[in-house]
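Asks: Would you mind keeping the following structure in view while I ask a few things?
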Amino acid sequence: MATDTGTPPQSPAHDVFAASTAEPPRKKGSKAWRIFRLVLIGSIASIALLIAFPPTGIIKDQLAKGIGAAIGRTVTIGDMRLKLRPKLEAEFDQVAVSNPPGMAVRDVFRAETIKTNVDLLPLLKGRVRMNRLDLIKPVFALEEDAAGTRNWVFETAAAAPAPSETAPADPANPAAAPTETAPAPDSSEAIAPAVFSYPPDSTIVDGTLTFQSAKSGALRTATAINSVQVLDAVAGTLGSKGHLSAGGETVTFDATLGDYDAVIAGSTSSLKANIDSRPLRASLDGDALFSAAAEFNGGLTASSPSLIELARWFGSDITASGDPLRGSLEGKIQATTRAVTFTETDVMVDTTSGRFDGSLDLGGVRPKLSGAVSSEHIDLGHATAAKSRSSLAPEPLTTFEPAIQPSWDQLLRDLETLEKGPQAAAAEAEPAAAAVAAPGWSEQPFNLKALQAFDLDLLINAATITYGALDLKQGRMKAGVTEGVLDAKLEELAVGAGKAVGTVNIDSRASPPRAAVQLNLTDVAAEPIVTELTGKPLLSGTSNVEITANAAGQNQSQLTSTLDGKARFRMGQGALRGFDVRRMIFEWWKSWSFDLSSRTGFTRLEAQYDIKKGIMKSEPGLEMGGSEVEINSAGTVNVPKKKLNQEIRIKAIPPPTAFPIPVKISGDWAKPTIGIDWGGLFSAGPGVGGPQALAQSPEPPPLNVQTAIRRVLAADLPDDRLSPEARTMLKSLLPSEPTP
């Protein structure tokens with residue numbers, strides 16, 4: 001059979017295949033279909049190869065370049081890993097975002113690893129649709145330079161326009177020649193905010209946040225940040241919950257932004273936040289502005305179980321002592337990174353509440369609190385119920401227990417002293433005095449560093465003030481702290497029917513610290529003040545007090561030993577309680593005790609003291625006059641040793657004809673010894689006399705006293721130790737010898 005030489009022979013196998021797959025008649029468009037099929041297969045194969053063997057170096061460099069162009073920063077990425085299962089999973093190591101141009105060459109953000117999950121189909125269209133974002137060990141380093149530039153404010157680039165094939169040159173003339181097609185953006189330009197969608201879920205694992213300001217000197221750090229963020233794309237809200245560590249305390253937080261786009265766009269969004277920690281609980285509810293001039297306006301509620309611990313948490317070096325001082329506030333605030341302004345803010349410290357209007361300036365070398373506090377009631381007594389031994393102020397005496405020596409016992413001691421001589425008596429008295437000495441002043445150093453941690457310009461007004469039994473009202477004080485120096489001025493204070501004004505100055509920078517006090521009390525009832533100081537109502541009447549004193553020291557002991565100044569005390573009509581002095585000197589042989597039901601009236605009482613190195617010396621002396629007795633006193637008050645040494649002259653009014661009787665008060669000022677100064681009579685010159693001149697004892701002295709009197713009279717003592725007048729006095733005390 002003839003063959004067609006133009007047709008190649010076919011193999012049997014090929015014939016079978018050809019027979020079974022005989023092509024139908026060719027139709028129009030089959031060539032285009034073959035081309036599309038080849039392109040599709042090639043695209044899928046290329047994507048598979050890119051995923052299996054991705055050129056990650058090129059991709060990560062382009063990605064970093066594109067993100068950097070979008071936010072105006074330098075972005076670097078270390079390693080990158082891609083997986084498809086079935087969504088595209090990407091991991092980036094050592095990611096960093098630089099500070100803006102013009103600031104220090106540092107990173108505002110860096111992370112050890114960033115993980116994300118991206119939909120593949122939108123990615124093929126040039127869009128990044130993240131389903132999840134995880135930041136592993138990120139560091140957010142927020143920074144403000146001296147000019148006020150903040151590194152967390154981003155200048156985002158505008159989204160590139162979508163490419164089109166042609167555009168009419170003139171919209172009014174569609175037939176006109178088309179303009180040149182806008183070039184399609186390269187891969188870096190394609191990565192702009194418009195092509196991103198924020199992930200609905202994100203996490204931060206072991207993050208760190210720092211804030212430092214070259215403008216204010218502020219430095220804050222939070223570590224161990226672990227949080228979960230949830231984005232509601234429909235409502236536009238972003239919530240964040242988690243915990244962090246700051247100042248050695250764990251803080252939990254829960255915050256919600258009403259508009260998550262505001263953070264990047266630099267616009268305003270509602271903000272609700274709650275934080276909870278051991279020293280502080282707080283809630284915010286208002287509007288936050290995320291522009292360069294970041295700001296929050298809204299309500300603040302905060303409370304602390306211990307204001308001292310809260311201050312320590314914020315960095316103040318304050319020693320915690322006594323009971324915790326609770327505090328809370330609730331009101332409106334306007335907060336920026338530089339200052340917080342408080343409006344109609346209710347403040348409570350323990351049981352004291354008030355209204356504060358002012359500001360906290362964070363932009364200086366130290367935080368500065370300025371404004372005014374108004375309170376209906378300030379409870380100083382409750383706030384200072386647990387008194388600290390490190391306090392600048394001395395502790396009030398609450399155990400004043402004077403001991404009145406029976407006259408015969410005192411005479412016996414003074415006779416024994418006369419026989420032994422003054423030196424031997426002093427040597428015996430010194431160990432005995434040391435054995436009963438009161439506890440000394442505290443040696444615990446003051447902690448005044450808190451005064452160097454902040455500045456203050458505060459006006460405090462109080463309708464009523466509670467401190468013990470004192471009736472304090474209409475208080476007004478101006479307090480200022482500048483560079484560690486406290487200046488406080490008491491401008492007004494009603495003390496009962498009287499008033500008080502004064503100043504306090506403390507310089508914590510000096511070494512040792514220095515303090516100065518000036519206080520004037522006018523027409524003030526003495527009884528409640530004396531009761532507060534001694535625990536007993538020793539004086540009644542209206543008093544006027546003037547005190548000017550200064551001291552330097554690191555503790556109470558040093559302050560008392562360097563105390564210098566003046567003190568003056570004046571009273572009109574009043575009474576000395578605990579003693580009926582006239583009866584005591586007319587019945588001097590009896591045993592007496594301190595009894596608040598007894599009293600000695602007076603029409604004037606005045607004392608003036610010069611203070612040098614803690615020793616208060618009567619200049620000229622204490623004078624008390626009235627219808628019953630006249631009293632004059634001179635001597636010293638040793639503040640460092642808490643000792644009294646007062647020589648008193650008591651004259652009965654109206655007289656029988658008699659000289660003033662000497663009385664001595666000595667010993668510990670909380671438990672002084674009071675008795676007739678027989679020893680002073682032994683060598684006294686004219687002008688003083690013994691109590692026997694007022695009234696003779698109905699009973700003779702005890703036998704041991706009689707024996708001591710006779711022994712002294714028999715001794716050959718010089719007149720400068722036992723005057724002739726004293727000999728006569730001692731003889732008058734002895735019972736008359738029987739007539740032979």
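In the structure tokens, each chain is lettered A, B, ... as it comes, each chain's residues begin at 1, and ligands are numbered from 1 in order of appearance.
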As a VMD selection string, which residues of region 521-676 of chain A does DSSP assign to strand (DSSP E)?
Replies: chain A and resid 521 to 525 539 to 552 564 to 578 595 to 602 604 to 612 615 to 618 622 to 625 629 to 638 643 to 652 661 to 668 673 to 676
Asks: Do you know which residues are at most 12 Å from Glu699 (chain A) counting only C-alpha atoms, after dropping those on the same chain fewer than 5 positions away, and could you put them as an NGL selection string?
Replies: :A and (408 or 587-590 or 733-736)
Asks: Next, dump the selected residues to file, keeping only N, CA and C atoms, as a PDB file, in the first residue's frame.
Replies:
ATOM      1  N   TRP A 408      10.158  67.336 156.771  1.00  0.00           N
ATOM      2  CA  TRP A 408      11.133  66.754 157.693  1.00  0.00           C
ATOM      3  C   TRP A 408      12.125  65.860 156.946  1.00  0.00           C
ATOM      4  N   GLU A 587       1.132  74.898 156.390  1.00  0.00           N
ATOM      5  CA  GLU A 587       1.103  73.585 157.040  1.00  0.00           C
ATOM      6  C   GLU A 587       2.269  72.752 156.487  1.00  0.00           C
ATOM      7  N   TRP A 588       3.431  73.337 156.582  1.00  0.00           N
ATOM      8  CA  TRP A 588       4.617  72.808 155.922  1.00  0.00           C
ATOM      9  C   TRP A 588       5.068  71.472 156.483  1.00  0.00           C
ATOM     10  N   TRP A 589       4.738  71.136 157.705  1.00  0.00           N
ATOM     11  CA  TRP A 589       5.185  69.889 158.343  1.00  0.00           C
ATOM     12  C   TRP A 589       4.428  68.648 157.843  1.00  0.00           C
ATOM     13  N   LYS A 590       3.320  68.882 157.124  1.00  0.00           N
ATOM     14  CA  LYS A 590       2.538  67.766 156.623  1.00  0.00           C
ATOM     15  C   LYS A 590       3.150  67.189 155.350  1.00  0.00           C
ATOM     16  N   LEU A 733      13.444  74.848 165.836  1.00  0.00           N
ATOM     17  CA  LEU A 733      12.725  73.639 165.438  1.00  0.00           C
ATOM     18  C   LEU A 733      12.767  72.565 166.520  1.00  0.00           C
ATOM     19  N   LEU A 734      13.737  72.665 167.414  1.00  0.00           N
ATOM     20  CA  LEU A 734      13.861  71.653 168.459  1.00  0.00           C
ATOM     21  C   LEU A 734      12.843  71.901 169.567  1.00  0.00           C
ATOM     22  N   PRO A 735      12.389  70.852 170.185  1.00  0.00           N
ATOM     23  CA  PRO A 735      11.462  71.045 171.314  1.00  0.00           C
ATOM     24  C   PRO A 735      12.182  71.732 172.478  1.00  0.00           C
ATOM     25  N   SER A 736      11.418  72.465 173.219  1.00  0.00           N
ATOM     26  CA  SER A 736      12.000  73.197 174.354  1.00  0.00           C
ATOM     27  C   SER A 736      12.520  72.214 175.397  1.00  0.00           C
TER      28      SER A 736
END
Asks: At a cut-off of 10 Å, using only C-alpha atoms, what residues contact region 521-533 of chain A? Leave out same-chain residues fewer than 2 positions from it and give the result as a count of residues only.
Replies: 44
Asks: When you count only C-alpha atoms, which of these residues is closest to Pro702 (chain A): A:Ala488, A:Val629, A:Arg582, A:Asp409?
Replies: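 The closest residue to Pro702 (chain A) is A:Asp409.
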Asks: So which one's closest to Met348 (chain A), A:Val153, A:Ile631, A:Leu133, A:Leu307? Using only C-alpha atoms, please.
Replies: A:Leu307
Asks: Just list the residues in region 211-415 of chain A DSSP gives alpha helix (DSSP H) on the backbone, as a list in words.
Replies: Asp261, Ala262, Val263, Ile264, Ala265, Leu307, Ile308, Glu309, Leu310, Ala311, Arg312, Trp313, Leu380, Gly381, His382, Ala383, Ser407, Trp408, Asp409, Gln410, Leu411, Leu412, Arg413, Asp414 and Leu415 of chain A
Asks: Could you please take those selected residues and save C-alpha atoms as a PDB file, in the first residue's frame?
Replies:
ATOM      1  CA  ASP A 261      -6.429  54.574  64.471  1.00  0.00           C
ATOM      2  CA  ALA A 262      -5.861  57.616  66.704  1.00  0.00           C
ATOM      3  CA  VAL A 263      -2.579  56.204  67.963  1.00  0.00           C
ATOM      4  CA  ILE A 264      -0.978  56.233  64.512  1.00  0.00           C
ATOM      5  CA  ALA A 265      -2.927  59.159  63.081  1.00  0.00           C
ATOM      6  CA  LEU A 307       0.904  57.424 100.986  1.00  0.00           C
ATOM      7  CA  ILE A 308       4.412  56.894 102.349  1.00  0.00           C
ATOM      8  CA  GLU A 309       4.759  53.641 100.408  1.00  0.00           C
ATOM      9  CA  LEU A 310       3.303  55.369  97.341  1.00  0.00           C
ATOM     10  CA  ALA A 311       5.912  58.123  97.580  1.00  0.00           C
ATOM     11  CA  ARG A 312       8.646  55.525  97.959  1.00  0.00           C
ATOM     12  CA  TRP A 313       7.289  53.730  94.880  1.00  0.00           C
ATOM     13  CA  LEU A 380      -3.906  66.006 112.728  1.00  0.00           C
ATOM     14  CA  GLY A 381      -4.332  63.915 115.839  1.00  0.00           C
ATOM     15  CA  HIS A 382      -5.436  60.841 113.894  1.00  0.00           C
ATOM     16  CA  ALA A 383      -2.731  61.260 111.291  1.00  0.00           C
ATOM     17  CA  SER A 407       9.543  68.824 154.886  1.00  0.00           C
ATOM     18  CA  TRP A 408      11.133  66.754 157.693  1.00  0.00           C
ATOM     19  CA  ASP A 409      12.587  64.277 155.141  1.00  0.00           C
ATOM     20  CA  GLN A 410      13.969  67.106 153.046  1.00  0.00           C
ATOM     21  CA  LEU A 411      15.483  68.750 156.130  1.00  0.00           C
ATOM     22  CA  LEU A 412      17.205  65.500 157.097  1.00  0.00           C
ATOM     23  CA  ARG A 413      18.762  65.154 153.613  1.00  0.00           C
ATOM     24  CA  ASP A 414      19.937  68.765 153.601  1.00  0.00           C
ATOM     25  CA  LEU A 415      21.490  68.372 157.073  1.00  0.00           C
TER      26      LEU A 415
END
Asks: In terms of the shortest atom-to-atom distance over only C-alpha atoms, which of A:Arg476, A:Arg278, A:Lys368, A:Lys215 is closest to Thr250 (chain A)?
Replies: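 Of A:Arg476, A:Arg278, A:Lys368, A:Lys215, the one nearest Thr250 (chain A), counting only C-alpha atoms, is A:Arg278.
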Asks: I need the residue nearest Pro686 (chain A) from this list: A:Asp61, A:Asp564, A:Asp719, A:Glu725. Use only C-alpha atoms for the distance.
Replies: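 Under the stated criterion, the closest residue is A:Glu725.
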Asks: List the spatial neighbours of Lys272 (chain A) as a list in words - criterion: any atom at most 10 Å away, only C-alpha atoms, same-chain residues fewer than 3 positions off excluded.
Replies: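 Selected residues are Gly239, Asp254, Ala255, Thr256, Leu257, Gly258, Ser269, Ser283, Leu284, Asp285, Gly286, Asp287, Ala288, Gly298 and Gly299 of chain A.
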Asks: Go ahead and save the picked residues with C-alpha atoms, as a CSV table (one decimal), in the first residue's frame.
Replies:
chain,number,residue,atom,x,y,z
A,239,GLY,CA,-8.4,46.7,74.3
A,254,ASP,CA,-6.9,47.0,81.6
A,255,ALA,CA,-7.3,49.7,79.0
A,256,THR,CA,-9.7,50.4,76.1
A,257,LEU,CA,-9.2,52.9,73.2
A,258,GLY,CA,-12.4,54.0,71.4
A,269,SER,CA,-9.8,58.8,71.1
A,283,SER,CA,-9.1,54.5,87.0
A,284,LEU,CA,-9.1,56.9,84.1
A,285,ASP,CA,-12.1,57.7,81.9
A,286,GLY,CA,-11.8,60.5,79.3
A,287,ASP,CA,-10.2,61.5,76.0
A,288,ALA,CA,-6.6,61.0,74.9
A,298,GLY,CA,-11.2,63.2,81.9
A,299,GLY,CA,-11.9,61.8,85.3
Asks: Which residue is closest to Gly553 (chain A)? Choose from A:Leu472, A:Ala515, A:Leu82, A:Val373 and count only C-alpha atoms.
Replies: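 Of A:Leu472, A:Ala515, A:Leu82, A:Val373, the one nearest Gly553 (chain A) is A:Ala515, counting only C-alpha atoms.
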